[in-house]
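To start, the structure under review is shown below, and the notes come after it.
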Amino acid sequence: MGFMKMGFVLGVLGFMITLLDDRLQLCVAAKSKNVHYYDWVLKETNYTRLCSTKSILTVNGSFPGPTILVHKGDTAYVKVHNQGLYGVTIHWHGVKQPRNPWSDGPENITQCPIKPGSSFTYEVIFSDEEGTLWWHAHSDWTRATVHGAIIILPALGKTYPFPTPYAEETIILASWFKGDVMAIIEEALATGADPNVSDAFTINGQPGDLYDCSNETTYRIAVKYGKTYLFRIINAVMNEEHFFGIAKHNLTVVAMDGAYIKPITTDYIMITPGQTMDVLVTAKQTPGRYHIASTAFVDADVAFDNSTTTAILQYSNIAKYTNTSSPTLPDYNDKAAAENFTNRLRSLASRDHPINVPKKITKRLFITVSVNQLVCPNASCDGPDGNRLSASLNNVSFVTPSIDILQAYYRNLNGVFTKNFPDEPTYIFNFTGDVGNNTLYPSLGTKVKLINYGDEVEIVYQGTNLMSAENHPMHLHGFSFYLVGNGTGNFDKKTSPQSYNLVDPPKVNTIGVPKNGWATIRFLADNPGVWFMHCHLERHASWGMNTVIIVKNGPTKQTSILPPPPYLPPCSKS
Ligand SMILES: [Cu+2]
């Protein structure tokens with residue numbers, strides 16, 4: 001082979017290796033870790049709850065859906081075959097997906113929907129997550145029935161930072177609607193009114209013995225006296241935060257959102273939609289039956305489901321059970337009880353589980369979080385004053401585009417989004433006092449925020465008193481962030497930061513912004529990509545309480561977005 005020819009071959013090889021380099025490196029890295037493959041079929045399945053039968057969208061026919069079980073740092077490939085009636089996407093809630101927004105999932109943000117009759121393979125890349133997360137559909141309201149647990153065990157050869165529990169159990173809280181969930185949100189968006197509230201909450205798919213026709217199927221967990229159990233609790237509820245407890249049993253919370261915390265011993269937790277908590281429970285009460293119960297926390301004057309879902313903790317080897325005792329949970333509107341719990345959260349921050357809180361902030365955002373109205377001509381809508389309910393961040397109500405923002409950003413397509421999401425509200429007023437009509441009517445737009453790779457970012461979320469003030473569980477894709485502070489009233493640039501915890505703040509992916517209060521988060525922008533940020537109350541997300549943060553590529557290939565996968569679902573308008 002002549003020198004020239006050899007050079008050409010080497011050149012071609014080099015080119016191919018460059019192309020494949022990123023994915024090859026992942027494969028090589030994955031060999032020391034593990035790779036998992038899942039095959040999922042999205043399909044309609046009949047379910048009977050509360051004496052009535054309906055068809056729901058499921059994964060592999062199950063509600064809740066299948067569990068993904070990995071060790072820290074593994075990768076999972078999930079092939080989703082859509083045999084349902086409409087386009088759907090899946091999101092891996094709390095999985096950071098380093099450099100890989102292509103598989104993050106929110107519809108028309110990072111991909112277009114997987115159409116009926118087609119399939120798409122997600123590459124779910126785990127990094128530093130450890131504990132419990134979850135996955136859910138991210139298209140309209142399909143996540144009501146399309147969701148399941150993600151369990152991330154310590155890396156092989158490592159152990160939990162607490163005594164190994166005798167056994168583990170996953171507890172998924174969800175909403176059950178007698179009607180068709182897609183029809184419920186479609187109708188609400190058509191009329192401008194509040195969507196119907198759910199008819200029940202469920203624990204692992206079962207409403208429990210306080211609801212009609214549900215006694216026999218109440219979910220039961222058998223325990224042995226003297227043993228300690230790890231309960232992985234996931235709040236997949238659509239529109240309500242929850243109080244959760246077990247009669248006469250303390251809960252010791254040891255992890256949240258896939259990261260360890262300093263243990264909190266409590267008789268109840270407050271968990272928002274989107275959050276996950278790992279809880280140790282020791283069966284050391286008089287052997288018998290005890291209710292596990294979960295009920296809404298809603299500190300606003302809004303319609304909500306005020307029912308209680310139950311399961312039963314049942315001691316084994318008992319000849320005869322007497323009555324089941326029930327836990328006393330805080331009242332549905334007990335804001336202080338919610339905050340007392342949340343304010344106890346601290347990162348474990350140990351030698352084996354260190355944290356790294358950004359302290360030299362290079363990018364600051366101040367974001368108001370509001371429920372709003374859009375004016376309807378001749379008061380023709382069914383919301384307040386004949387208007388349409390809406391919601392916003394910095395008074396911009398997010399409009400979902402018809403081509404995904406990731407593709408538009410990556411391929412420089414014009415006209416899909418604009419880069420002008422404001423760093424702070426354009427109009428300042430007494431956000432949590434008498435707000436009058438200030439910023440009642442938001443502007444509409446697909447406005448995103450671009451952030452430089454490596455920025456140390458601080459976001460202050462400011463709740464407002466517009467319409468009905470309430471707690472908003474804000475969620476960010478692509479990152480866990482530190483909740484460094486929160487408080488009531490208006491954020492004060494001088495005094496509020498004095499209360500920040502920069503030593504051991506919890507590292508989470510969803511935080512409740514207190515009603516008429518503020519919350520500050522910090523994170524290092526080390527994950528290039530297109531990342532959705534939104535309220536995890538589904539009706540607020542549907543009304544536009546969303547935006548997108550784009551973290552630009554860093555200076556090297558290793559700090560840049562991975563190349564797109566060979567196939568992505570086509571967009572109807574691309
Ligand atoms: Cu909200």
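Chain labels run A, B, ... following the order of the structure tokens; each chain numbers its residues from 1, and ligands are numbered from 1 in the order shown.
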Quiz item: How would you write, as a PyMOL selection string, the set of residues in range 48-242 of chain A that DSSP gives as strand (DSSP E or B)?
Solution: chain A and resi 48-49+52-59+62+68-71+75-82+88+90-93+107+111+114+119-125+131-137+147-153+167-176+200-203+206+220-223+228-235+241-242
Which residues form the shell of 9 Å around ligand 1 when you count only C-alpha atoms and all ligand atoms, given as an mmCIF file with C-alpha atoms, in the first residue's frame?
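result17.cif written:
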```cif
data_model
loop_
_atom_site.group_PDB
_atom_site.id
_atom_site.type_symbol
_atom_site.label_atom_id
_atom_site.label_comp_id
_atom_site.auth_asym_id
_atom_site.auth_seq_id
_atom_site.Cartn_x
_atom_site.Cartn_y
_atom_site.Cartn_z
ATOM 1 C CA ASN A 239 -52.407 18.476 40.705
ATOM 2 C CA VAL A 369 -44.407 32.456 39.322
ATOM 3 C CA SER A 370 -48.046 33.382 38.673
ATOM 4 C CA VAL A 371 -51.484 32.145 37.776
ATOM 5 C CA ALA A 391 -50.092 30.855 34.059
ATOM 6 C CA GLU A 470 -50.393 28.785 46.189
ATOM 7 C CA ASN A 471 -47.367 26.530 46.512
ATOM 8 C CA HIS A 472 -45.767 25.711 43.126
ATOM 9 C CA PRO A 473 -43.490 22.659 42.758
ATOM 10 C CA MET A 474 -40.927 23.936 40.254
ATOM 11 C CA GLY A 512 -42.195 23.826 46.380
ATOM 12 C CA VAL A 513 -42.074 27.621 46.082
ATOM 13 C CA HIS A 534 -41.898 24.024 34.737
ATOM 14 C CA CYS A 535 -44.393 23.767 37.551
ATOM 15 C CA HIS A 536 -45.189 20.113 38.247
ATOM 16 C CA LEU A 537 -48.842 20.845 39.001
ATOM 17 C CA GLU A 538 -50.114 19.623 35.659
ATOM 18 C CA ARG A 539 -52.826 22.236 35.209
ATOM 19 C CA HIS A 540 -50.307 25.039 35.711
ATOM 20 C CA ALA A 541 -47.931 23.478 33.171
ATOM 21 C CA MET A 545 -46.027 28.010 33.766
#
```
Quiz prompt | Within 9 Å of Met533 in chain A using only C-alpha atoms, minus same-chain residues under 2 positions, as a PyMOL selection string | solution = chain A and resi 474-477+531+535+545-549
Exercise. Run DSSP on the backbone of this structure and report the residues of range 362-547 of chain A it assigns to helix (DSSP H, G or I), as number ranges by chain.
Key: A: 377-379, 384-386, 405-410, 496-499, 538-543
Using only C-alpha atoms, find each residue in range 114-145 of chain A having at least one atom no more than 12 Å away from range 161-175 of chain A; report its shortest atom-to-atom pair and that distance in Å (one decimal), rows by chain then rising number, as a Markdown table.
```
| residue | atom | partner | partner_atom | distance |
| --- | --- | --- | --- | --- |
| A:Glu130 | CA | A:Pro161 | CA | 10.9 |
| A:Gly131 | CA | A:Pro161 | CA | 10.9 |
| A:Thr132 | CA | A:Thr170 | CA | 9.1 |
| A:Leu133 | CA | A:Thr170 | CA | 10.8 |
| A:Trp134 | CA | A:Ile172 | CA | 9.4 |
| A:Trp135 | CA | A:Ile172 | CA | 11.5 |
| A:His136 | CA | A:Ala174 | CA | 11.5 |
| A:Trp141 | CA | A:Ser175 | CA | 11.2 |
| A:Thr142 | CA | A:Ser175 | CA | 11.6 |
| A:Arg143 | CA | A:Ala174 | CA | 9.6 |
| A:Ala144 | CA | A:Ser175 | CA | 6.5 |
| A:Thr145 | CA | A:Ala174 | CA | 8.1 |
```
Practice problem: Might you pull out every residue within 7 Å of Thr295 in chain A, with only C-alpha atoms counted and same-chain residues fewer than 4 positions away left off, and present them as a PyMOL selection string? | Solution: chain A and resi 242-244+306-309
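Take the candidates A:Arg220, A:Ser542, A:Asp212, A:Asp423 and check each one against Ile185 in chain A using only C-alpha atoms; the shortest distance goes to A:Ser542.
Excluding Thr53 in chain A itself and same-chain residues fewer than 2 positions from it, the residues having an atom within 12 Å of it are Thr45, Asn46, Tyr47, Thr48, Arg49, Leu50, Cys51, Ser55, Ile56, Trp176, Phe177, Lys178, Gly179, Asp180 and Cys213 of chain A, counting only C-alpha atoms.
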Practice problem: Using only C-alpha atoms, determine which residues lie at most 7 Å from Ile451 in chain A, disregarding the query and same-chain residues fewer than 3 positions distant; provide the list as an NGL selection string. | Solution: :A and (550-552)
Quiz item: Do you have the CA of Pro66 in chain A-CA of Gly208 in chain A distance handy?
Solution: 20.9 Å
Self-check item: For Ser119 in chain A, the nearest of the candidates A:Ser390, A:Gln97, A:Ser350, A:Gln83, counting only C-alpha atoms
Solution: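 Comparing A:Ser390, A:Gln97, A:Ser350, A:Gln83 against Ser119 in chain A, the winner is A:Gln83.
Look at Leu568 in chain A: the protein and nucleic acid residues within 12 Å of it, using only C-alpha atoms and passing over chain neighbours fewer than 3 places away, are A:Thr89, A:Trp102, A:Ser103, A:Gly105, A:Asn108, A:Thr110, A:Gln111, A:Cys112, A:Pro113, A:Ile114, A:Lys115, A:Ser118, A:Ser119, A:Phe120, A:Thr121, A:Tyr122, A:Glu123, A:Asp404, A:Leu406, A:Gln407, A:Pro563, A:Pro564, A:Pro565, A:Cys571, A:Ser574.
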Self-check item: One-decimal distance in Å that lies between CA of Lys54 in chain A and CA of Gln275 in chain A
Solution: 28.0 Å
Quiz item: Interatomic distance between CA of Val59 in chain A and CA of Val95 in chain A?
Solution: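 Computing the Euclidean distance for CA of Val59 in chain A and CA of Val95 in chain A yields 19.5 Å.
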Quiz prompt | Nearest to Thr328 in chain A by atom-to-atom distance, counting only C-alpha atoms, from A:Ser347, A:Asp352, A:Ile246, A:Tyr38 | solution =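 Using only C-alpha atoms, Thr328 in chain A sits closest to A:Ile246.
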Quiz item: Looking at only C-alpha atoms, which of A:Asp301, A:Glu240, A:Glu129, A:Asp194 is the one that sits closest to Arg388 in chain A?
Solution: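 Using only C-alpha atoms, Arg388 in chain A sits closest to A:Asp194.
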